[in-house]
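Engineer: This is the structure I have questions about; it appears just below.
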Amino acid sequence: MLPFKNGWMSRVGIVVLAAVLVELISIVQYERVRRIMLEDMEIRGRLALGRLTDKIQSTLQITETTMRENLWDVRHSIVHPDSVFPAMVRLIDNNPHVEGGFVAFTPYYYPSKGRLFEPYAAKQGDGTYRVVQLGGPDHDYTQNDEYIWIMDHQAPCWSDPYQYGPDSVSFTTYSYPIFDAGGEIVAICGLDVNLSWLGDTLNSHQFFPSSFCLLLTPEGELVAGPPGERFSPEEINNVVSFVNQGLPESALPGLTVLQTTLGKDPYWKLVQVYSTKELFAKMHQQRRQQFILVVLCLAVLAFVINRFSRNERKLLVTSAEKARMSGELDVARKIQQEMLPKSFPSFVYGSLEPALEVGGDLIDFYTRDGKLFFCIGDVSGKGVPSAMLMSVAHSLFRILSQKIDSPSKILDYMNKELGRGNDSNMFMTFFLGCLDLYSGELRFSNAGHDKPYVITRDITLLPSKANLPLAVFPNTQYEEQTCTLAPGTLLLLYTDGLTEAKNMERQAFGRPRIQAVLEKFLTSADQSLFKLVSTLSEEAHAFAGAAPQSDDLTMLALRFDTSANRRDQITLVNKKSEVTRMGSFVKAFLGPLEMDQRTSAGMRLALEEAVVNVINYAYPAGEEGEVLIQADTNGHEVRFTITDSGYPFDPTTVLEPDTTLDAQNRPIGGLGILLSRKLMDSISYNRKDGKNVLSLTKNIL
Amino acid sequence: MTTTIQETDKSIIAFLSGEMDTAAAAQVEKDLQPLLDSKGKEIVLDCKELEYISSSGLRVLLSILKQAQTVGSRVVLKNVNDVIHDVLDISGFISIFDIE
């Protein structure tokens, strides 16, 4: 990974850079949204103000209308001072916002009533009316601003709002001049309008909890505002003084103040206030959360990329390692394949197809002393560990069967060796047989392996007893069985890779299918073992289809073939001249077999040396004795059996002479047995029925 | 088994023919007696016609060699066929005879 020389730092740098970029974009977007929202808020604020203005004006206009339309009643009533009271009650009853009404007469209008006369009617909580005359020395209404203003201007007017009564309820008064027929003002009629509803109306529909509306008189006096519990008086006073002083908007940080005017000059002011801080608080918070989220995501991304690049490096290393291991496995597979039998005589054929590179199955065979030793094994599990146990088993089989004929004894030893230090608790099923290629006698011992098929005209399973598999318990005694095969009999050994071969539906190949293939084979023209094994393999693969091979597919087939069996014998007496007869006998016997001069001469020499040994030493000097030579062949092996009734003597135990000495020190004896050993494949000695029986065997394939 | 001996100024040549098995060895040993008195001449055993040899035959050859060595004579085996060569090889005789 060259681009990241200082990987960690540069990755952190990238994350920081990305985070800054994200934040910048976020700020730009935030500002844009803020501006749009502010514009939107102002529009909403102005709309709200417009609605409120309409509402207030309509309320005040209703009062003016009430006054205009009902004043005739009051004008009529002033004929008599006392009739003014009921007229006032009727007037205030017309308008729910009007709390009270008065008629302030010009001084001495009713001479009987003195200078000041002001009948007044007010609504009471219980629906009744209070009527009272207010004018007097302590209440000189002629000094009121409105009174003076109307007298000057001959026109109606609204008073400044004022507070009145124990609850300090806000009021405003609409005063209207009453003219006489001559056009002189005789009285002023006023209606007191309760303004307490204004506050509710103003602040009933606010678009934010913190926004509020204020109503100010032209003089800047607060008429109505939000309920006191929601906003502190300082807050409201700040806004009021701000409006009255005409300060720039920045003087009130975080607040936006919108103003509009009501009615006619001098104008009342309606003020809409809202907090931009609140408006953007949520947005701001959201932006912060988003930022944190983005940074987290970037960090995770950086981590993932980091991991990815690290894994990639690891992968490179791993794949290199894998290539090396696969190379080694390839070598292991080759070694294993090389240990398997490669060339087959006509009477044996086997195949092993490992499921993995190396397998846990084993087949092997070889002939010794006219006997075919053969085995098949299956180690639990697959792969390298199985293959290793298999290799050990293979070596043990080869070594032990060189000296021991008994399959059960071989298994006893193998079991002890394989069980030694078997900490991984692997085990191995194993079938070991020893077939006498002349007599057809089959000795076998089965360590938990599948029973082989015996194929004659019928197809049966060899009734082998299933002993425990190898390496399970070190002291298992393996039982040996014996039977005799009829000439032409086939044995088919296999591992569960054949019976358990699975198709895509997880069904096993199974015995019925094997049986069918075997039956078909019996009727086919090609009776070779190769044909038998390859057909089974093909059928198993065809059955499995696309399903991967689940286990090693291993088979070993053999035939007790007597078609090439031949036997001859000759009896010699213990004289050296008999060797010539022996030579003729051997030449005649070997003649029909296909072999070169060297091989036949070698066998003749081996036999001669052994026979001369008997002639020279078996019998006491001067005593005549017989030497029986029996020659056997099955087409692939020649066996000579020399029998004499002389002294017990095992020539196989004679030490070999040193063949490296110079001529002067070279002993003349001992060469004979050396030649016999070297020229034959095996020599075995038995003392049987008081006779020495020496077998010399040679493979001729 | 027949043997023919030819003597020249420098060497004595024995032509061996047939099969030198145990039965024949005693006679061959007698027939080759002249070789034991080599008088320092080189002894040549021509095996061109020799088809077979047993350890008794090897014994005859060894005694000729031992005798020749005492008088400083060389013993050469000529025209050895595969069968004979195998036997010489196994017995280690290949290293004590000169084989041409």
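Residues in the structure tokens are named by chain (A, B, ... in the order shown) and by number from 1 within that chain; ligands are numbered from 1 in the order shown.
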Tell me which protein, DNA and RNA residues are within 10 Å of Gln69 in chain B, counting only C-alpha atoms, leaving out same-chain ones fewer than 4 positions away, and put them as a compact mmCIF listing (two decimals) with N, CA and C atoms, in the first residue's frame.
Structural biologist:
```txt
# COMPACT_ATOMS: atom_id res chain seq x y z
N ALA A 663 40.39 -61.05 -3.54
CA ALA A 663 40.36 -62.45 -3.94
C ALA A 663 41.01 -63.38 -2.92
N GLN A 664 42.15 -62.95 -2.34
CA GLN A 664 42.88 -63.83 -1.43
C GLN A 664 42.09 -64.12 -0.17
N GLY B 40 53.42 -66.58 -15.29
CA GLY B 40 53.41 -65.11 -15.42
C GLY B 40 52.67 -64.59 -16.62
N SER B 63 39.58 -69.88 -7.71
CA SER B 63 40.84 -70.58 -7.41
C SER B 63 41.90 -70.30 -8.47
N ILE B 64 41.43 -70.13 -9.73
CA ILE B 64 42.37 -69.76 -10.81
C ILE B 64 42.94 -68.38 -10.51
N LEU B 65 42.05 -67.46 -10.09
CA LEU B 65 42.48 -66.09 -9.83
C LEU B 65 43.50 -66.04 -8.70
N SER B 73 50.13 -62.95 -12.23
CA SER B 73 49.42 -62.96 -13.51
C SER B 73 48.06 -62.27 -13.41
N ARG B 74 47.70 -61.62 -14.50
CA ARG B 74 46.37 -61.00 -14.58
C ARG B 74 45.37 -62.03 -15.04
N VAL B 75 44.12 -61.95 -14.57
CA VAL B 75 43.05 -62.80 -15.09
C VAL B 75 41.97 -61.89 -15.68
```
Engineer: Taking only C-alpha atoms into account, which residues of chain A are within 7 Å of chain B, as a PyMOL selection string?
Structural biologist: chain A and resi 576-577+579-580+598+601+605+659-660+662-664+668+671-672+675
Engineer: With only C-alpha atoms as the atoms that count, which of A:Ile673, A:Phe365, A:Ser196, A:Ala155 lies nearest to Tyr349 in chain A?
Structural biologist: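 Ranked by minimum distance to Tyr349 in chain A, first place goes to A:Phe365.
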Engineer: Taking the DSSP assignment computed from this structure's backbone, write out as a PyMOL selection string all residues of chain B that belong to strand (DSSP E).
Structural biologist: chain B and resi 2-7+11-20+42-53+75-78+98-99
Engineer: Quick one: pick out all helix (DSSP H, G or I) residues within range 334-369 of chain A from a backbone DSSP run and write them as a ChimeraX atom specification.
Structural biologist: /A:334-339
Engineer: Given the selection you just returned, output its residues as a file containing N, CA and C atoms, formatted as a PDB file, in the first residue's frame.
Structural biologist:
```
ATOM      1  N   LYS A 334       0.958 -35.841  -4.593  1.00  0.00           N
ATOM      2  CA  LYS A 334       1.783 -36.639  -5.498  1.00  0.00           C
ATOM      3  C   LYS A 334       2.450 -37.783  -4.749  1.00  0.00           C
ATOM      4  N   ILE A 335       2.967 -37.430  -3.540  1.00  0.00           N
ATOM      5  CA  ILE A 335       3.621 -38.471  -2.735  1.00  0.00           C
ATOM      6  C   ILE A 335       2.627 -39.580  -2.445  1.00  0.00           C
ATOM      7  N   GLN A 336       1.416 -39.137  -2.067  1.00  0.00           N
ATOM      8  CA  GLN A 336       0.400 -40.117  -1.723  1.00  0.00           C
ATOM      9  C   GLN A 336       0.021 -40.969  -2.931  1.00  0.00           C
ATOM     10  N   GLN A 337      -0.126 -40.288  -4.070  1.00  0.00           N
ATOM     11  CA  GLN A 337      -0.484 -41.019  -5.282  1.00  0.00           C
ATOM     12  C   GLN A 337       0.616 -42.006  -5.658  1.00  0.00           C
ATOM     13  N   GLU A 338       1.863 -41.577  -5.421  1.00  0.00           N
ATOM     14  CA  GLU A 338       2.969 -42.447  -5.785  1.00  0.00           C
ATOM     15  C   GLU A 338       3.045 -43.678  -4.893  1.00  0.00           C
ATOM     16  N   MET A 339       2.559 -43.527  -3.676  1.00  0.00           N
ATOM     17  CA  MET A 339       2.577 -44.678  -2.776  1.00  0.00           C
ATOM     18  C   MET A 339       1.492 -45.693  -3.155  1.00  0.00           C
TER      19      MET A 339
END
```
Engineer: Please provide the set of residues having any atom within 8 Å of Pro345 in chain A, restricted to only C-alpha atoms, with same-chain residues fewer than 3 positions apart removed, written as a PyMOL selection string.
Structural biologist: chain A and resi 348-349+636+701
Engineer: Applying 8 Å and only C-alpha atoms, which residues near range 26-32 of chain B remain after dropping the ones on its own chain fewer than 5 positions away? List them as a PyMOL selection string.
Structural biologist: chain B and resi 1-3+5+14+20+60
Engineer: Mind writing the picked residues with C-alpha atoms as an mmCIF file, in the first residue's frame?
Structural biologist:
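To be explicit, this is the file written out as part.cif:
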```
data_model
loop_
_atom_site.group_PDB
_atom_site.id
_atom_site.type_symbol
_atom_site.label_atom_id
_atom_site.label_comp_id
_atom_site.auth_asym_id
_atom_site.auth_seq_id
_atom_site.Cartn_x
_atom_site.Cartn_y
_atom_site.Cartn_z
ATOM 1 C CA MET B 1 30.208 -77.900 -20.938
ATOM 2 C CA THR B 2 33.415 -77.794 -22.945
ATOM 3 C CA THR B 3 36.646 -75.919 -22.484
ATOM 4 C CA ILE B 5 42.740 -73.739 -24.102
ATOM 5 C CA ALA B 14 40.483 -70.573 -22.178
ATOM 6 C CA MET B 20 28.928 -74.402 -15.845
ATOM 7 C CA VAL B 60 36.657 -72.597 -9.995
#
```
Engineer: Quick one, how far is CA of Gly635 in chain A from CA of Ser684 in chain A?
Structural biologist: 20.5 Å
Engineer: Quick one: distance from CA of Leu216 in chain A to CA of Asn238 in chain A in Å, one decimal?
Structural biologist: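 Calculated distance between CA of Leu216 in chain A and CA of Asn238 in chain A is 13.3 Å.
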Engineer: Find, counting only C-alpha atoms, the residue in B:Gly72, B:Val80, B:Thr4, B:Ala25 that gets nearest to Lys41 in chain B.
Structural biologist: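 Between B:Gly72, B:Val80, B:Thr4, B:Ala25, the residue approaching Lys41 in chain B most closely is B:Gly72.
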Engineer: Would you compute the distance between CA of Asn446 in chain A and CA of Tyr478 in chain A? Give it in Å to one decimal.
Structural biologist: 7.7 Å
Engineer: Set the distance at 8 Å and use only C-alpha atoms: which residues neighbour Glu49 in chain B once local chain neighbours fewer than 4 positions away are removed? I'd like the list as a count of residues only.
Structural biologist: 4
Engineer: So, with only C-alpha atoms as the atoms that count, which of A:Tyr413, A:Tyr647, A:Phe444, A:Phe347 lies closest to Ala466 in chain A?
Structural biologist: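 Smallest distance to Ala466 in chain A is found for A:Phe444.
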